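Asks: My structure is in entry_35.txt, and what it holds is compact mmCIF, C-alpha atoms:
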# COMPACT_ATOMS: atom_id res chain seq x y z
CA MET A 1 9.60 18.23 20.13
CA GLN A 2 6.47 20.37 20.29
CA ASN A 3 3.30 18.35 19.96
CA PRO A 4 0.61 19.68 17.61
CA ILE A 5 -2.37 21.38 19.23
CA PHE A 6 -5.84 20.01 18.60
CA PRO A 7 -9.16 21.82 19.03
CA PRO A 8 -11.22 21.66 22.23
CA GLY A 9 -13.45 18.60 22.33
CA PHE A 10 -11.16 16.51 20.10
CA LEU A 11 -11.77 12.87 21.06
CA TRP A 12 -8.72 10.83 22.11
CA GLY A 13 -9.02 7.07 22.36
CA VAL A 14 -7.51 3.63 22.02
CA SER A 15 -8.74 0.63 20.04
CA THR A 16 -8.77 -3.16 20.52
CA SER A 17 -10.68 -6.12 19.10
CA ALA A 18 -12.35 -9.02 20.87
CA PHE A 19 -10.57 -11.96 19.26
CA GLN A 20 -7.16 -10.36 19.65
CA ILE A 21 -7.37 -9.75 23.39
CA GLU A 22 -10.25 -11.58 25.08
CA GLY A 23 -9.17 -15.21 25.14
CA ALA A 24 -11.71 -17.45 26.94
CA THR A 25 -12.72 -18.80 23.56
CA SER A 26 -14.63 -21.73 25.06
CA GLU A 27 -16.15 -19.90 28.05
CA GLY A 28 -19.43 -18.11 28.64
CA GLY A 29 -21.40 -19.98 26.01
CA ARG A 30 -19.31 -18.59 23.15
CA GLY A 31 -19.54 -20.51 19.90
CA PRO A 32 -16.63 -21.16 17.53
CA SER A 33 -15.64 -18.49 15.03
CA ILE A 34 -13.84 -18.78 11.72
CA TRP A 35 -10.71 -17.61 13.49
CA ASP A 36 -10.91 -20.45 16.00
CA THR A 37 -11.08 -22.84 13.06
CA PHE A 38 -8.29 -21.07 11.19
CA THR A 39 -5.89 -20.92 14.13
CA ALA A 40 -6.46 -24.63 14.79
CA THR A 41 -5.44 -25.46 11.21
CA GLU A 42 -1.80 -26.47 10.92
CA GLY A 43 0.41 -23.99 9.10
CA LYS A 44 -1.97 -21.03 9.17
CA ILE A 45 -0.52 -19.12 12.15
CA ALA A 46 3.13 -18.31 12.82
CA ARG A 47 4.69 -20.75 15.30
CA GLY A 48 1.30 -22.49 15.63
CA GLU A 49 0.10 -19.87 18.12
CA GLN A 50 -3.55 -19.60 19.09
CA ALA A 51 -5.79 -17.03 20.79
CA ASN A 52 -7.37 -19.26 23.44
CA VAL A 53 -5.90 -17.02 26.14
CA ALA A 54 -4.53 -14.04 24.16
CA ALA A 55 -4.24 -11.16 26.69
CA ASP A 56 -7.02 -12.70 28.84
CA HIS A 57 -9.04 -9.49 28.72
CA TYR A 58 -12.17 -11.56 29.37
CA HIS A 59 -11.01 -12.06 32.96
CA ARG A 60 -8.69 -9.06 33.38
CA TYR A 61 -10.80 -6.24 31.92
CA PRO A 62 -10.96 -4.30 35.23
CA GLU A 63 -7.15 -3.99 35.17
CA ASP A 64 -7.23 -2.92 31.52
CA ILE A 65 -9.92 -0.32 32.13
CA ALA A 66 -7.86 1.06 35.03
CA LEU A 67 -4.97 1.49 32.59
CA MET A 68 -7.24 3.39 30.19
CA ALA A 69 -8.39 5.61 33.04
CA GLU A 70 -4.76 6.32 33.90
CA LEU A 71 -4.11 7.08 30.24
CA GLY A 72 -6.87 9.68 30.32
CA VAL A 73 -8.55 8.79 27.03
CA GLY A 74 -12.09 9.93 26.35
CA ALA A 75 -13.18 6.83 24.45
CA TYR A 76 -12.45 3.12 24.21
CA ARG A 77 -13.07 1.46 20.86
CA MET A 78 -13.76 -2.23 21.54
CA SER A 79 -15.43 -4.95 19.52
CA ILE A 80 -18.11 -7.42 20.51
CA ALA A 81 -17.61 -11.05 19.52
CA TRP A 82 -20.58 -12.13 17.42
CA PRO A 83 -20.20 -15.80 18.54
CA ARG A 84 -20.45 -14.72 22.19
CA ILE A 85 -23.85 -13.17 21.49
CA GLN A 86 -25.18 -15.70 18.95
CA PRO A 87 -23.05 -18.86 19.10
CA ASP A 88 -24.49 -20.05 15.76
CA GLY A 89 -24.89 -16.58 14.28
CA LYS A 90 -28.67 -16.55 14.55
CA GLY A 91 -31.52 -17.00 16.98
CA ALA A 92 -31.95 -15.88 20.56
CA PRO A 93 -28.96 -14.19 22.21
CA ASN A 94 -26.74 -15.98 24.68
CA PRO A 95 -27.44 -14.48 28.15
CA GLU A 96 -23.88 -15.07 29.35
CA GLY A 97 -22.46 -13.21 26.37
CA LEU A 98 -24.75 -10.25 26.86
CA GLY A 99 -23.93 -10.31 30.56
CA PHE A 100 -20.19 -10.13 29.96
CA TYR A 101 -20.50 -7.08 27.71
CA ASP A 102 -22.97 -5.50 30.15
CA LYS A 103 -20.28 -5.67 32.84
CA LEU A 104 -17.55 -4.51 30.50
CA ILE A 105 -19.49 -1.54 29.12
CA ASP A 106 -20.69 -0.54 32.59
CA ALA A 107 -17.10 -0.60 33.87
CA VAL A 108 -15.92 1.56 30.95
CA CYS A 109 -18.68 4.08 31.66
CA GLU A 110 -17.91 4.10 35.38
CA ALA A 111 -14.31 5.01 34.52
CA GLY A 112 -15.58 8.10 32.70
CA ILE A 113 -14.71 6.69 29.28
CA ALA A 114 -17.11 6.61 26.33
CA PRO A 115 -17.65 3.10 24.89
CA ALA A 116 -17.17 3.01 21.11
CA VAL A 117 -18.44 -0.37 20.00
CA THR A 118 -17.56 -2.24 16.82
CA LEU A 119 -20.08 -4.99 16.12
CA TYR A 120 -17.81 -7.09 13.94
CA HIS A 121 -14.03 -7.40 13.78
CA TRP A 122 -13.76 -10.48 11.50
CA ASP A 123 -14.87 -13.18 13.99
CA THR A 124 -17.75 -14.64 11.96
CA PRO A 125 -19.53 -17.50 13.75
CA GLN A 126 -18.34 -20.71 12.11
CA ALA A 127 -21.94 -21.81 11.54
CA ILE A 128 -22.50 -18.68 9.42
CA GLU A 129 -19.42 -19.47 7.34
CA ASP A 130 -20.64 -23.03 6.90
CA ASP A 131 -23.83 -21.57 5.40
CA GLY A 132 -21.89 -19.48 2.89
CA GLY A 133 -20.33 -16.72 4.97
CA TRP A 134 -19.94 -13.36 3.26
CA LEU A 135 -20.40 -15.00 -0.14
CA SER A 136 -24.06 -15.28 0.83
CA ARG A 137 -26.48 -12.36 0.92
CA THR A 138 -28.23 -14.08 3.84
CA THR A 139 -25.26 -13.26 6.09
CA ALA A 140 -26.08 -9.56 5.75
CA GLU A 141 -29.62 -10.28 6.97
CA ARG A 142 -28.33 -12.34 9.90
CA PHE A 143 -25.94 -9.51 10.76
CA ALA A 144 -28.81 -7.01 10.89
CA GLU A 145 -30.60 -9.24 13.42
CA TYR A 146 -27.42 -9.35 15.51
CA ALA A 147 -27.09 -5.56 15.27
CA HIS A 148 -30.62 -5.09 16.57
CA ILE A 149 -29.86 -7.32 19.58
CA LEU A 150 -26.85 -5.16 20.48
CA GLY A 151 -28.64 -1.88 19.87
CA ASP A 152 -31.57 -2.94 21.98
CA ARG A 153 -29.29 -3.99 24.84
CA PHE A 154 -26.58 -1.31 24.82
CA ALA A 155 -27.89 1.83 23.09
CA ASP A 156 -28.36 3.56 26.45
CA ARG A 157 -24.61 3.39 27.18
CA VAL A 158 -22.65 3.13 23.93
CA LYS A 159 -21.57 6.55 22.62
CA LEU A 160 -20.23 5.57 19.17
CA TRP A 161 -21.23 2.63 16.98
CA ILE A 162 -19.27 0.98 14.15
CA PRO A 163 -21.02 -1.91 12.38
CA LEU A 164 -18.04 -3.54 10.62
CA ASN A 165 -14.30 -3.11 10.93
CA GLU A 166 -12.29 -3.06 7.70
CA PRO A 167 -14.47 -5.13 5.34
CA MET A 168 -11.65 -4.80 2.81
CA VAL A 169 -9.44 -7.03 4.94
CA MET A 170 -12.10 -9.73 5.22
CA SER A 171 -12.69 -9.66 1.45
CA ILE A 172 -9.06 -9.46 0.31
CA PHE A 173 -7.13 -11.35 2.97
CA GLY A 174 -9.91 -13.73 4.01
CA TYR A 175 -11.61 -14.59 0.72
CA ALA A 176 -9.31 -13.44 -2.11
CA LEU A 177 -5.81 -14.37 -0.89
CA GLY A 178 -6.48 -16.85 1.92
CA GLU A 179 -3.99 -15.35 4.36
CA TYR A 180 -6.69 -14.77 6.99
CA ALA A 181 -9.77 -16.74 8.02
CA PRO A 182 -11.72 -18.28 6.37
CA GLY A 183 -8.74 -18.96 4.10
CA ARG A 184 -10.38 -18.82 0.66
CA THR A 185 -8.36 -17.98 -2.47
CA LEU A 186 -10.96 -16.59 -4.86
CA LEU A 187 -9.04 -13.56 -6.18
CA LEU A 188 -11.50 -11.21 -7.92
CA ASP A 189 -14.34 -13.68 -7.36
CA ALA A 190 -14.19 -12.50 -3.72
CA ILE A 191 -15.66 -9.09 -4.64
CA PRO A 192 -19.26 -10.19 -3.84
CA THR A 193 -18.15 -10.53 -0.20
CA ALA A 194 -17.43 -6.80 -0.20
CA HIS A 195 -20.94 -6.03 -1.44
CA HIS A 196 -22.55 -8.28 1.16
CA GLN A 197 -20.52 -6.64 3.92
CA ASN A 198 -21.51 -3.20 2.61
CA LEU A 199 -25.14 -4.32 2.64
CA ALA A 200 -24.66 -5.65 6.19
CA HIS A 201 -23.33 -2.22 7.14
CA GLY A 202 -26.41 -0.44 5.76
CA LEU A 203 -28.85 -2.91 7.31
CA ALA A 204 -27.04 -2.68 10.65
CA VAL A 205 -27.21 1.12 10.62
CA GLN A 206 -30.97 0.84 10.11
CA ALA A 207 -31.30 -1.78 12.84
CA LEU A 208 -29.22 0.23 15.33
CA ARG A 209 -31.20 3.40 14.71
CA ALA A 210 -34.46 1.47 15.08
CA ALA A 211 -33.17 0.28 18.48
CA GLY A 212 -32.42 3.83 19.59
CA ALA A 213 -28.70 3.96 18.89
CA THR A 214 -27.10 7.26 17.88
CA ASN A 215 -23.67 8.43 16.62
CA ILE A 216 -23.14 5.66 14.06
CA GLY A 217 -20.22 5.53 11.65
CA THR A 218 -17.66 3.21 10.04
CA ALA A 219 -14.10 1.95 10.36
CA ASN A 220 -12.69 1.36 6.88
CA ASN A 221 -9.04 0.72 6.15
CA HIS A 222 -7.72 3.12 3.51
CA SER A 223 -4.35 3.55 1.82
CA PRO A 224 -2.99 6.03 -0.71
CA ILE A 225 -2.13 4.10 -3.86
CA TRP A 226 1.28 4.98 -5.29
CA PRO A 227 2.21 3.97 -8.85
CA SER A 228 5.74 2.65 -8.49
CA GLY A 229 7.17 1.36 -11.73
CA ASP A 230 10.87 0.79 -12.28
CA SER A 231 11.30 4.47 -13.13
CA ILE A 232 8.71 7.19 -13.81
CA ALA A 233 5.20 5.78 -13.59
CA SER A 234 3.86 4.88 -17.03
CA PRO A 235 0.22 5.32 -18.14
CA GLU A 236 -0.12 1.57 -17.57
CA ASP A 237 1.12 1.98 -13.99
CA GLU A 238 -1.38 4.80 -13.46
CA ALA A 239 -4.19 2.61 -14.80
CA ALA A 240 -3.15 -0.17 -12.41
CA ALA A 241 -3.20 2.34 -9.54
CA GLU A 242 -6.74 3.41 -10.44
CA TRP A 243 -7.84 -0.23 -10.44
CA LEU A 244 -6.24 -0.94 -7.07
CA ASP A 245 -7.68 2.28 -5.61
CA ALA A 246 -11.11 1.10 -6.73
CA LEU A 247 -10.54 -2.33 -5.15
CA LEU A 248 -9.04 -1.25 -1.81
CA ASN A 249 -10.62 2.15 -1.19
CA ARG A 250 -13.55 3.08 -3.39
CA LEU A 251 -15.24 -0.35 -3.20
CA TYR A 252 -16.08 0.51 0.42
CA ALA A 253 -16.22 4.31 0.56
CA ASP A 254 -18.15 5.04 -2.66
CA PRO A 255 -21.28 2.97 -1.91
CA VAL A 256 -21.46 4.23 1.68
CA LEU A 257 -20.89 7.90 0.83
CA LEU A 258 -22.09 8.26 -2.76
CA GLY A 259 -24.43 5.32 -3.31
CA THR A 260 -22.34 4.08 -6.25
CA TYR A 261 -19.64 1.55 -7.10
CA PRO A 262 -16.54 2.13 -9.25
CA GLU A 263 -17.48 1.24 -12.80
CA GLN A 264 -14.55 -1.13 -13.34
CA LEU A 265 -15.90 -3.38 -10.56
CA HIS A 266 -19.49 -3.68 -11.80
CA GLU A 267 -18.90 -6.92 -13.70
CA HIS A 268 -17.58 -8.57 -10.53
CA LEU A 269 -20.48 -7.57 -8.26
CA PRO A 270 -23.57 -9.73 -7.61
CA ALA A 271 -26.53 -9.41 -9.94
CA GLY A 272 -28.92 -6.72 -8.78
CA PHE A 273 -26.29 -4.94 -6.67
CA ALA A 274 -27.66 -1.53 -7.65
CA ASP A 275 -30.93 -2.25 -5.87
CA ASP A 276 -29.03 -2.44 -2.56
CA LEU A 277 -27.21 0.87 -2.91
CA PRO A 278 -29.90 3.03 -1.23
CA THR A 279 -29.74 0.71 1.79
CA ILE A 280 -25.95 0.82 1.90
CA ALA A 281 -25.79 4.63 1.66
CA GLN A 282 -27.34 5.31 5.06
CA PRO A 283 -26.63 8.76 6.53
CA LEU A 284 -23.70 8.52 8.96
CA ASP A 285 -22.63 10.64 11.91
CA PHE A 286 -18.92 10.06 11.27
CA TYR A 287 -16.63 8.25 8.86
CA GLY A 288 -13.91 6.10 10.44
CA VAL A 289 -10.52 5.90 8.73
CA ASN A 290 -8.00 3.22 9.70
CA TYR A 291 -4.59 4.16 8.31
CA TYR A 292 -1.33 2.23 8.45
CA GLU A 293 0.57 2.61 5.17
CA PRO A 294 0.45 3.51 1.47
CA GLN A 295 0.43 0.74 -1.13
CA GLY A 296 2.72 0.58 -4.15
CA VAL A 297 1.46 -0.75 -7.47
CA ALA A 298 2.58 -1.19 -11.07
CA LYS A 299 1.16 -2.56 -14.31
CA PRO A 300 0.55 -6.33 -14.25
CA SER A 301 3.42 -8.59 -15.17
CA PRO A 302 2.91 -11.31 -17.80
CA GLY A 303 0.74 -14.14 -16.50
CA ASN A 304 -0.71 -12.17 -13.59
CA PRO A 305 -4.48 -12.84 -13.44
CA LEU A 306 -4.98 -9.51 -11.68
CA PRO A 307 -4.92 -6.09 -13.41
CA PHE A 308 -2.01 -4.87 -11.26
CA ASP A 309 1.22 -5.93 -9.54
CA LEU A 310 1.69 -4.97 -5.92
CA ARG A 311 5.03 -3.29 -5.23
CA PRO A 312 6.74 -2.55 -1.90
CA ILE A 313 7.10 1.04 -0.74
CA GLU A 314 10.85 1.56 -0.46
CA GLY A 315 13.02 4.20 1.15
CA TYR A 316 11.19 4.41 4.48
CA PRO A 317 11.78 2.80 7.88
CA MET A 318 9.74 -0.35 8.52
CA THR A 319 7.78 -1.71 11.44
CA THR A 320 8.15 -5.32 12.58
CA ASN A 321 4.84 -5.96 10.81
CA ASP A 322 6.54 -5.08 7.51
CA SER A 323 4.76 -1.75 7.12
CA PRO A 324 6.60 1.31 5.77
CA ILE A 325 6.34 4.29 8.11
CA VAL A 326 5.02 7.16 5.99
CA PRO A 327 3.26 9.79 8.13
CA HIS A 328 2.72 12.29 5.32
CA ALA A 329 0.68 9.67 3.44
CA LEU A 330 -2.01 10.08 6.11
CA ARG A 331 -2.25 13.77 5.22
CA GLU A 332 -2.36 12.84 1.53
CA LEU A 333 -5.13 10.29 2.13
CA LEU A 334 -7.29 12.69 4.11
CA LEU A 335 -6.89 15.53 1.62
CA ASP A 336 -7.79 13.17 -1.21
CA PHE A 337 -10.94 12.07 0.62
CA HIS A 338 -11.82 15.71 1.26
CA ARG A 339 -11.53 16.50 -2.45
CA ARG A 340 -13.20 13.31 -3.64
CA TYR A 341 -16.28 13.24 -1.42
CA ARG A 342 -16.72 16.91 -0.48
CA ASP A 343 -20.04 17.55 1.26
CA LYS A 344 -20.88 13.81 1.24
CA LEU A 345 -18.08 13.15 3.73
CA PRO A 346 -19.17 13.28 7.39
CA PRO A 347 -16.75 14.33 10.12
CA ILE A 348 -13.84 11.87 10.30
CA HIS A 349 -12.49 9.87 13.21
CA ILE A 350 -9.11 8.16 12.80
CA THR A 351 -10.39 4.89 14.22
CA GLU A 352 -7.02 3.07 14.00
CA ASN A 353 -3.43 4.16 13.60
CA GLY A 354 -0.45 2.42 15.14
CA CYS A 355 2.70 0.38 14.66
CA SER A 356 4.49 -2.75 15.84
CA PHE A 357 8.01 -3.04 17.17
CA ALA A 358 9.99 -5.71 19.03
CA ASP A 359 9.31 -4.26 22.46
CA VAL A 360 10.92 -5.91 25.49
CA VAL A 361 10.94 -5.25 29.21
CA ALA A 362 14.34 -3.75 30.03
CA GLU A 363 16.46 -4.45 33.10
CA ASP A 364 15.08 -1.30 34.73
CA GLY A 365 11.53 -2.70 34.39
CA GLY A 366 10.47 -0.26 31.71
CA VAL A 367 9.59 -0.80 28.05
CA HIS A 368 11.44 1.78 25.98
CA ASP A 369 9.88 2.28 22.55
CA PRO A 370 11.09 5.59 21.10
CA GLU A 371 10.21 4.38 17.58
CA ARG A 372 6.51 4.24 18.51
CA ILE A 373 6.63 7.72 20.02
CA ASP A 374 8.20 9.00 16.80
CA PHE A 375 5.54 7.18 14.78
CA LEU A 376 2.64 8.64 16.75
CA TYR A 377 4.14 12.13 16.77
CA GLY A 378 4.73 12.10 13.01
CA HIS A 379 1.22 10.90 12.22
CA LEU A 380 -0.39 13.41 14.56
CA VAL A 381 1.58 16.22 12.91
CA ALA A 382 0.32 14.99 9.51
CA LEU A 383 -3.21 14.77 10.89
CA ARG A 384 -3.06 18.33 12.22
CA GLU A 385 -1.79 19.52 8.83
CA ALA A 386 -4.75 17.88 7.09
CA MET A 387 -7.11 19.55 9.55
CA ASP A 388 -5.46 22.92 8.92
CA ALA A 389 -6.09 22.33 5.19
CA GLY A 390 -9.81 21.93 5.82
CA VAL A 391 -10.40 18.26 6.67
CA ASP A 392 -12.94 17.87 9.49
CA VAL A 393 -11.37 15.34 11.89
CA ARG A 394 -12.97 14.96 15.31
CA GLY A 395 -11.01 12.14 16.97
CA TYR A 396 -7.98 9.84 16.99
CA PHE A 397 -7.83 6.25 18.30
CA CYS A 398 -4.41 4.69 18.75
CA TRP A 399 -4.03 1.04 17.82
CA SER A 400 -3.70 -0.49 20.27
CA LEU A 401 -4.16 -0.25 24.01
CA MET A 402 -2.17 -3.44 24.56
CA ASP A 403 -0.11 -6.04 22.76
CA ASN A 404 -2.34 -8.73 21.28
CA PHE A 405 -2.77 -11.67 18.94
CA GLU A 406 -1.86 -10.26 15.53
CA TRP A 407 -3.83 -12.67 13.34
CA SER A 408 -1.71 -14.91 11.09
CA LYS A 409 1.52 -13.47 12.54
CA GLY A 410 0.67 -14.59 16.05
CA TYR A 411 2.14 -12.76 19.03
CA ALA A 412 5.41 -11.48 17.54
CA PRO A 413 4.18 -8.05 16.32
CA ARG A 414 3.59 -5.82 19.35
CA PHE A 415 1.25 -2.89 18.67
CA GLY A 416 0.34 -1.91 22.22
CA LEU A 417 0.92 1.11 24.38
CA VAL A 418 0.96 -1.53 27.12
CA HIS A 419 3.34 -4.50 26.98
CA VAL A 420 1.81 -7.91 27.71
CA ASP A 421 3.96 -10.77 28.96
CA TYR A 422 2.18 -13.73 27.38
CA GLU A 423 3.58 -16.14 29.97
CA THR A 424 2.47 -14.24 33.08
CA LEU A 425 -0.04 -11.84 31.44
CA ARG A 426 1.57 -9.00 33.34
CA ARG A 427 0.82 -5.56 31.88
CA THR A 428 3.63 -2.99 31.69
CA PRO A 429 2.94 0.50 30.31
CA LYS A 430 5.54 1.40 27.70
CA ASP A 431 7.24 4.78 27.34
CA SER A 432 4.74 5.51 24.54
CA PHE A 433 1.90 5.01 27.05
CA HIS A 434 3.33 7.77 29.22
CA TRP A 435 3.94 10.00 26.17
CA TYR A 436 0.38 9.51 24.92
CA ARG A 437 -0.96 10.08 28.45
CA LYS A 438 0.78 13.45 28.66
CA LEU A 439 -0.40 14.41 25.17
CA VAL A 440 -4.01 13.51 25.92
CA ARG A 441 -4.07 15.22 29.28
CA ASP A 442 -2.34 18.36 27.98
CA GLU A 443 -4.88 18.61 25.14
CA GLN A 444 -7.88 18.46 27.47
Give the structure from the file, written as structure tokens.
Replies:
Amino acid sequence: MQNPIFPPGFLWGVSTSAFQIEGATSEGGRGPSIWDTFTATEGKIARGEQANVAADHYHRYPEDIALMAELGVGAYRMSIAWPRIQPDGKGAPNPEGLGFYDKLIDAVCEAGIAPAVTLYHWDTPQAIEDDGGWLSRTTAERFAEYAHILGDRFADRVKLWIPLNEPMVMSIFGYALGEYAPGRTLLLDAIPTAHHQNLAHGLAVQALRAAGATNIGTANNHSPIWPSGDSIASPEDEAAAEWLDALLNRLYADPVLLGTYPEQLHEHLPAGFADDLPTIAQPLDFYGVNYYEPQGVAKPSPGNPLPFDLRPIEGYPMTTNDSPIVPHALRELLLDFHRRYRDKLPPIHITENGCSFADVVAEDGGVHDPERIDFLYGHLVALREAMDAGVDVRGYFCWSLMDNFEWSKGYAPRFGLVHVDYETLRRTPKDSFHWYRKLVRDEQ
């Protein structure tokens, strides 16, 4: 198959997150996070698995950076663990935590790879959660102080900055449904957590720029919303789709890009939310899109307290993380964003896109994952088609460099280009690693 051709200077990368790969959760002065608490709670994580070791990136990062150098990527999107820097989420920074990320970022730079740093990938310090977490406006202020610490320390080396990863997931899965830490089940009463994360984003952008940081963007998870009634979508199904689109997509993109919120959500937002919108709508250098799948929806069934029913997307192959594989929905999403936000939309980076399969080391020592190669190829074709239709996309980050702790599902879903044996911690590049390596190097 002929790979699509991307323009000169297109940025190729891989993404990871601290809690999913670092391990060493009690080393280096790190404080406990909500995910440490959640994983230690019986019944929350599949098979009772924990992330105390994970892929042990904390100790093995030189090996992992060598793999990235072999891969040939131009950027590495990593996250910094807030509780490593401020164990209680406030106050003076922990020197050991800063020292670890100094070494890590220096090693990435020495490998000729641009560090792309996410400040927050869901690992709230437990002390912050105890004080109200994202239900409290104060958390946004604490986050801005944390952002200034990182900007002041790393602005000379970090090439791309992302304040928060996927605030939608924290609000919906963490506070509305309880499937992720901190495990709250507030349903629509969780919407204030979205506003406080949006405010944290705006305050962090200001703090980073004040510290000398440049090239600041986002990483928001977005999905096309497909009305999927029992037959042809009814007007009620369409109305449910508009509501879900507002909740999953526009609740995060509209305030950042337009300085507004969807009208149907106003009654659920904190009092005085409009006063924060100028702070949230900070000018950005890029807009990060994390894409995995579309979401089906239909009108609410009797007794449902929500204004929609979620429906599965049927008729497509599935990953082992129960995601339908729909490459053309990425093109649809990007074209919709292009139409919706027009000149308010900065250049886009695809900051996450990937898939999980049941990858194993074969008798020949290799890890053969043709499904992942097909997934990446299909999504890159769709991405190139969106670019040809006028969408300004400047980079693509594959999720993920290596297999990792996949939140409530533990270690079973494998998303990596590199296989990790969780008993020995041996790294084995998969066939998709070699495919992506050839793609990246041929494009340069």
Asks: Can you tell me, as a VMD selection string, what residues are no more than 6 Å from Tyr396 in chain A when counting only C-alpha atoms, ignoring any on the same chain fewer than 4 positions away?
Replies: chain A and resid 12 349 to 350
Asks: Please compute the CA of Leu383 in chain A-CA of Arg331 in chain A distance, one decimal, in Å.
Replies: 5.8 Å
Asks: Select, from A:Glu110, A:Asp276, A:Glu63, A:Glu96, the residue with the minimum atom-to-atom distance to Gly28 in chain A, counting all atoms listed in the file.
Replies: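 The closest residue to Gly28 in chain A is A:Glu96.
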Asks: Name the residues in contact with range 222-238 of chain A at a cut-off of 6 Å, using all atoms listed in the file, excluding same-chain residues fewer than 4 positions from it; report them as an NGL selection string.
Replies: :A and (249 or 291 or 294-299 or 333)
Asks: What separation in Å, quoted to one decimal, exists between CA of Leu269 in chain A and CA of Pro182 in chain A?
Replies: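 Separation of CA of Leu269 in chain A and CA of Pro182 in chain A: 20.1 Å.
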Asks: Quick one: residues within 9 Å of (-4.0, -17.8, 27.6) (file frame), counting all atoms listed in the file, please, as a list in words.
Replies: Gly23, Ala24, Gln50, Ala51, Asn52, Val53, Ala54, Ala55, Asp56, Tyr422, Glu423 and Leu425 of chain A
